[in-house]
Amino acid sequence: MSQKHHTCCYLQDSIWRWYACFGMLLTLLAITSIVRADYASGKDAYEMEDYAIAWQKLLPLADAGDTEAQILVGRMYNNGYGVTADLTKGAEYYARAATHGNMRAQALLAFLYTSGRGVEVDYKKALHWYLQAANNGDGYAQLDLAQLYSEGRHVALDYVQAYKWFYIASKNDAICDCLLDGMDIVATKMTSQQLQQAKALAGEWLQARAL
């Protein structure tokens, strides 16, 4: 086989591979677009309390691994929206989303472990998931942690950690200043050294995440 023929075959092969890859990319984009459209219509139906349509749209997505859909399906099970209430199944869908890194699901799962809704009360697991959610940027989990540490509720009383998480939450756009009164209260119970330590810890956390 001549060098020219070999080069021509190689180029044709490369072109066909490129077309195949491009075709796969277009297919994936089309599938993703359809999935997001289904989620959007399912979420809209949920918010309009048309739970039959919401269930029809969201359940397949949740079972396929969409974490936002898993949260809504979990809520539907927890509240009996369009389906027979089942706290255990609701917790299972939260757990699926939490395990795949959805910070809101992590915070919701943490609450379930403190309240025993659908799972056995387990404060160690609750703390684990609150920390996961807070470290992933969920402002309400950060606020919940601050309150837990400030009250010694389910965890050892720790004003340094309480102030740290209050301070971090105060920098989170999702948190209203009206929810941060506890930070000033905690500060009155701390020594200047503790306050300095808490601010340093919060500063390190924020700097690491460039917030």
# chains A, B, ... in the order shown; residues from 1 in each chain; ligands from 1
call {"tool": "select_by_dssp", "arguments": {"residues": "chain A", "states": "alpha helix (DSSP H)", "output": "PDB file with C-alpha atoms, in the first residue's frame"}}
result
ATOM      1  CA  GLN A   3       2.152   6.066   1.611  1.00  0.00           C
ATOM      2  CA  LYS A   4      -0.389   8.330  -0.107  1.00  0.00           C
ATOM      3  CA  HIS A   5      -3.140   5.709   0.118  1.00  0.00           C
ATOM      4  CA  HIS A   6      -2.291   4.985   3.750  1.00  0.00           C
ATOM      5  CA  THR A   7      -2.489   8.692   4.611  1.00  0.00           C
ATOM      6  CA  CYS A   8      -5.821   9.038   2.804  1.00  0.00           C
ATOM      7  CA  CYS A   9      -7.332   6.082   4.696  1.00  0.00           C
ATOM      8  CA  TYR A  10      -6.066   7.495   7.993  1.00  0.00           C
ATOM      9  CA  LEU A  11      -7.653  10.873   7.282  1.00  0.00           C
ATOM     10  CA  GLN A  12     -10.960   9.288   6.295  1.00  0.00           C
ATOM     11  CA  ASP A  13     -10.901   7.183   9.449  1.00  0.00           C
ATOM     12  CA  SER A  14     -10.215  10.269  11.583  1.00  0.00           C
ATOM     13  CA  ILE A  15     -13.034  12.198   9.922  1.00  0.00           C
ATOM     14  CA  TRP A  16     -15.514   9.371  10.526  1.00  0.00           C
ATOM     15  CA  ARG A  17     -14.438   9.128  14.176  1.00  0.00           C
ATOM     16  CA  TRP A  18     -14.895  12.888  14.546  1.00  0.00           C
ATOM     17  CA  TYR A  19     -18.393  12.696  13.035  1.00  0.00           C
ATOM     18  CA  ALA A  20     -19.251   9.789  15.355  1.00  0.00           C
ATOM     19  CA  CYS A  21     -18.091  11.732  18.422  1.00  0.00           C
ATOM     20  CA  PHE A  22     -19.911  14.849  17.270  1.00  0.00           C
ATOM     21  CA  GLY A  23     -23.080  12.821  16.718  1.00  0.00           C
ATOM     22  CA  MET A  24     -22.841  11.347  20.212  1.00  0.00           C
ATOM     23  CA  LEU A  25     -22.355  14.822  21.671  1.00  0.00           C
ATOM     24  CA  LEU A  26     -25.447  16.127  19.877  1.00  0.00           C
ATOM     25  CA  THR A  27     -27.439  13.139  21.131  1.00  0.00           C
ATOM     26  CA  LEU A  28     -26.325  13.732  24.719  1.00  0.00           C
ATOM     27  CA  LEU A  29     -27.186  17.421  24.466  1.00  0.00           C
ATOM     28  CA  ALA A  30     -30.628  16.559  23.104  1.00  0.00           C
ATOM     29  CA  ILE A  31     -31.246  14.048  25.909  1.00  0.00           C
ATOM     30  CA  THR A  32     -30.069  16.550  28.532  1.00  0.00           C
ATOM     31  CA  SER A  33     -32.381  19.192  27.085  1.00  0.00           C
ATOM     32  CA  ILE A  34     -35.348  16.821  27.241  1.00  0.00           C
ATOM     33  CA  VAL A  35     -34.512  15.805  30.817  1.00  0.00           C
ATOM     34  CA  ARG A  36     -34.267  19.419  31.991  1.00  0.00           C
ATOM     35  CA  ALA A  37     -37.525  20.260  30.215  1.00  0.00           C
ATOM     36  CA  ASP A  38     -39.245  17.362  32.007  1.00  0.00           C
ATOM     37  CA  TYR A  39     -37.812  18.511  35.333  1.00  0.00           C
ATOM     38  CA  ALA A  40     -38.945  22.094  34.723  1.00  0.00           C
ATOM     39  CA  SER A  41     -42.479  21.014  33.844  1.00  0.00           C
ATOM     40  CA  GLY A  42     -42.536  18.625  36.816  1.00  0.00           C
ATOM     41  CA  LYS A  43     -41.365  21.341  39.186  1.00  0.00           C
ATOM     42  CA  ASP A  44     -43.928  23.784  37.788  1.00  0.00           C
ATOM     43  CA  ALA A  45     -46.670  21.200  38.294  1.00  0.00           C
ATOM     44  CA  TYR A  46     -45.445  20.593  41.880  1.00  0.00           C
ATOM     45  CA  GLU A  47     -45.530  24.307  42.669  1.00  0.00           C
ATOM     46  CA  TYR A  51     -49.209  16.497  41.935  1.00  0.00           C
ATOM     47  CA  ALA A  52     -50.386  13.885  39.442  1.00  0.00           C
ATOM     48  CA  ILE A  53     -48.433  15.565  36.639  1.00  0.00           C
ATOM     49  CA  ALA A  54     -45.521  16.325  38.970  1.00  0.00           C
ATOM     50  CA  TRP A  55     -45.301  12.662  39.952  1.00  0.00           C
ATOM     51  CA  GLN A  56     -45.489  11.543  36.336  1.00  0.00           C
ATOM     52  CA  LYS A  57     -42.637  13.871  35.322  1.00  0.00           C
ATOM     53  CA  LEU A  58     -40.403  13.701  38.376  1.00  0.00           C
ATOM     54  CA  LEU A  59     -40.408  10.056  39.444  1.00  0.00           C
ATOM     55  CA  PRO A  60     -38.627   8.717  36.316  1.00  0.00           C
ATOM     56  CA  LEU A  61     -36.019  11.462  36.643  1.00  0.00           C
ATOM     57  CA  ALA A  62     -35.515  10.736  40.331  1.00  0.00           C
ATOM     58  CA  ASP A  63     -35.105   7.022  39.672  1.00  0.00           C
ATOM     59  CA  THR A  67     -30.905  14.854  42.553  1.00  0.00           C
ATOM     60  CA  GLU A  68     -33.286  17.822  42.277  1.00  0.00           C
ATOM     61  CA  ALA A  69     -36.083  15.485  41.202  1.00  0.00           C
ATOM     62  CA  GLN A  70     -35.177  13.160  44.092  1.00  0.00           C
ATOM     63  CA  ILE A  71     -35.712  16.009  46.562  1.00  0.00           C
ATOM     64  CA  LEU A  72     -39.164  16.792  45.195  1.00  0.00           C
ATOM     65  CA  VAL A  73     -40.176  13.126  45.098  1.00  0.00           C
ATOM     66  CA  GLY A  74     -38.931  12.846  48.693  1.00  0.00           C
ATOM     67  CA  ARG A  75     -41.128  15.776  49.680  1.00  0.00           C
ATOM     68  CA  MET A  76     -44.106  14.242  47.927  1.00  0.00           C
ATOM     69  CA  TYR A  77     -43.648  11.009  49.873  1.00  0.00           C
ATOM     70  CA  ASN A  78     -43.112  12.889  53.146  1.00  0.00           C
ATOM     71  CA  ASN A  79     -46.235  15.001  52.750  1.00  0.00           C
ATOM     72  CA  LEU A  87     -41.709   8.789  55.436  1.00  0.00           C
ATOM     73  CA  THR A  88     -39.271   5.928  54.883  1.00  0.00           C
ATOM     74  CA  LYS A  89     -39.365   6.292  51.110  1.00  0.00           C
ATOM     75  CA  GLY A  90     -39.147  10.050  51.447  1.00  0.00           C
ATOM     76  CA  ALA A  91     -35.960   9.655  53.478  1.00  0.00           C
ATOM     77  CA  GLU A  92     -34.588   7.216  50.916  1.00  0.00           C
ATOM     78  CA  TYR A  93     -34.935   9.744  48.105  1.00  0.00           C
ATOM     79  CA  TYR A  94     -33.297  12.457  50.217  1.00  0.00           C
ATOM     80  CA  ALA A  95     -30.481  10.030  50.998  1.00  0.00           C
ATOM     81  CA  ARG A  96     -29.927   9.276  47.307  1.00  0.00           C
ATOM     82  CA  ALA A  97     -29.591  12.964  46.495  1.00  0.00           C
ATOM     83  CA  ALA A  98     -27.443  13.636  49.570  1.00  0.00           C
ATOM     84  CA  THR A  99     -25.052  10.824  48.721  1.00  0.00           C
ATOM     85  CA  MET A 103     -26.317  20.128  49.601  1.00  0.00           C
ATOM     86  CA  ARG A 104     -30.021  20.844  50.148  1.00  0.00           C
ATOM     87  CA  ALA A 105     -30.747  17.124  50.342  1.00  0.00           C
ATOM     88  CA  GLN A 106     -27.881  16.759  52.805  1.00  0.00           C
ATOM     89  CA  ALA A 107     -29.415  19.397  55.063  1.00  0.00           C
ATOM     90  CA  LEU A 108     -32.871  17.827  54.784  1.00  0.00           C
ATOM     91  CA  LEU A 109     -31.477  14.390  55.601  1.00  0.00           C
ATOM     92  CA  ALA A 110     -29.680  15.834  58.617  1.00  0.00           C
ATOM     93  CA  PHE A 111     -32.986  17.200  59.901  1.00  0.00           C
ATOM     94  CA  LEU A 112     -34.623  13.790  59.459  1.00  0.00           C
ATOM     95  CA  TYR A 113     -31.931  12.199  61.616  1.00  0.00           C
ATOM     96  CA  THR A 114     -32.608  14.706  64.403  1.00  0.00           C
ATOM     97  CA  SER A 115     -36.386  14.328  64.188  1.00  0.00           C
ATOM     98  CA  TYR A 123     -27.371  12.571  66.084  1.00  0.00           C
ATOM     99  CA  LYS A 124     -23.970  11.479  64.775  1.00  0.00           C
ATOM    100  CA  LYS A 125     -25.395  10.995  61.299  1.00  0.00           C
ATOM    101  CA  ALA A 126     -27.296  14.254  61.623  1.00  0.00           C
ATOM    102  CA  LEU A 127     -24.082  16.111  62.451  1.00  0.00           C
ATOM    103  CA  HIS A 128     -22.302  14.378  59.562  1.00  0.00           C
ATOM    104  CA  TRP A 129     -24.898  15.524  57.036  1.00  0.00           C
ATOM    105  CA  TYR A 130     -25.196  19.022  58.491  1.00  0.00           C
ATOM    106  CA  LEU A 131     -21.427  19.380  58.131  1.00  0.00           C
ATOM    107  CA  GLN A 132     -21.538  18.024  54.582  1.00  0.00           C
ATOM    108  CA  ALA A 133     -24.256  20.477  53.614  1.00  0.00           C
ATOM    109  CA  ALA A 134     -22.649  23.425  55.425  1.00  0.00           C
ATOM    110  CA  ASN A 135     -19.236  22.761  53.897  1.00  0.00           C
ATOM    111  CA  GLY A 139     -26.643  28.599  54.241  1.00  0.00           C
ATOM    112  CA  TYR A 140     -29.450  27.059  56.265  1.00  0.00           C
ATOM    113  CA  ALA A 141     -27.281  24.115  57.262  1.00  0.00           C
ATOM    114  CA  GLN A 142     -24.616  26.608  58.355  1.00  0.00           C
ATOM    115  CA  LEU A 143     -27.204  28.409  60.447  1.00  0.00           C
ATOM    116  CA  ASP A 144     -28.523  25.139  61.898  1.00  0.00           C
ATOM    117  CA  LEU A 145     -25.000  24.108  62.897  1.00  0.00           C
ATOM    118  CA  ALA A 146     -24.424  27.463  64.566  1.00  0.00           C
ATOM    119  CA  GLN A 147     -27.610  27.077  66.585  1.00  0.00           C
ATOM    120  CA  LEU A 148     -26.829  23.471  67.541  1.00  0.00           C
ATOM    121  CA  TYR A 149     -23.365  24.400  68.807  1.00  0.00           C
ATOM    122  CA  SER A 150     -24.613  27.519  70.587  1.00  0.00           C
ATOM    123  CA  GLU A 151     -27.255  25.537  72.493  1.00  0.00           C
ATOM    124  CA  TYR A 159     -19.230  28.773  71.241  1.00  0.00           C
ATOM    125  CA  VAL A 160     -16.200  28.921  68.964  1.00  0.00           C
ATOM    126  CA  GLN A 161     -17.835  26.598  66.434  1.00  0.00           C
ATOM    127  CA  ALA A 162     -21.173  28.346  66.913  1.00  0.00           C
ATOM    128  CA  TYR A 163     -19.732  31.773  66.149  1.00  0.00           C
ATOM    129  CA  LYS A 164     -17.692  30.375  63.255  1.00  0.00           C
ATOM    130  CA  TRP A 165     -20.804  28.998  61.549  1.00  0.00           C
ATOM    131  CA  PHE A 166     -22.889  32.086  62.333  1.00  0.00           C
ATOM    132  CA  TYR A 167     -20.181  34.222  60.740  1.00  0.00           C
ATOM    133  CA  ILE A 168     -19.967  31.967  57.678  1.00  0.00           C
ATOM    134  CA  ALA A 169     -23.764  32.002  57.333  1.00  0.00           C
ATOM    135  CA  SER A 170     -23.722  35.800  57.542  1.00  0.00           C
ATOM    136  CA  ASP A 181     -29.367  37.538  66.002  1.00  0.00           C
ATOM    137  CA  GLY A 182     -27.806  34.500  67.657  1.00  0.00           C
ATOM    138  CA  MET A 183     -24.326  35.554  66.546  1.00  0.00           C
ATOM    139  CA  ASP A 184     -24.340  38.625  68.786  1.00  0.00           C
ATOM    140  CA  ILE A 185     -25.754  36.605  71.680  1.00  0.00           C
ATOM    141  CA  VAL A 186     -23.020  33.991  71.335  1.00  0.00           C
ATOM    142  CA  ALA A 187     -20.352  36.697  71.161  1.00  0.00           C
ATOM    143  CA  SER A 192     -11.800  37.762  73.365  1.00  0.00           C
ATOM    144  CA  GLN A 193      -9.459  34.863  72.640  1.00  0.00           C
ATOM    145  CA  GLN A 194     -12.354  32.573  71.704  1.00  0.00           C
ATOM    146  CA  LEU A 195     -13.842  35.267  69.495  1.00  0.00           C
ATOM    147  CA  GLN A 196     -10.526  35.763  67.725  1.00  0.00           C
ATOM    148  CA  GLN A 197     -10.188  32.008  67.218  1.00  0.00           C
ATOM    149  CA  ALA A 198     -13.723  31.707  65.795  1.00  0.00           C
ATOM    150  CA  LYS A 199     -13.166  34.572  63.356  1.00  0.00           C
ATOM    151  CA  ALA A 200      -9.874  33.043  62.249  1.00  0.00           C
ATOM    152  CA  LEU A 201     -11.535  29.675  61.596  1.00  0.00           C
ATOM    153  CA  ALA A 202     -14.348  31.331  59.665  1.00  0.00           C
ATOM    154  CA  GLY A 203     -11.862  33.377  57.678  1.00  0.00           C
ATOM    155  CA  GLU A 204      -9.891  30.270  56.727  1.00  0.00           C
ATOM    156  CA  TRP A 205     -13.095  28.516  55.617  1.00  0.00           C
ATOM    157  CA  LEU A 206     -14.206  31.475  53.514  1.00  0.00           C
ATOM    158  CA  GLN A 207     -10.809  32.011  51.982  1.00  0.00           C
ATOM    159  CA  ALA A 208     -10.533  28.331  51.033  1.00  0.00           C
TER     160      ALA A 208
END
call {"tool": "closest_residue", "arguments": {"among": "A:Arg153, A:Ala64, A:Asn102, A:Asp50", "to": "Asn136 of chain A", "atoms": "only C-alpha atoms"}}
result
A:Asn102
call {"tool": "atom_distance", "arguments": {"atom1": "atom CA of Asp66 of chain A", "atom2": "atom CA of Val121 of chain A"}}
result
26.7 Å
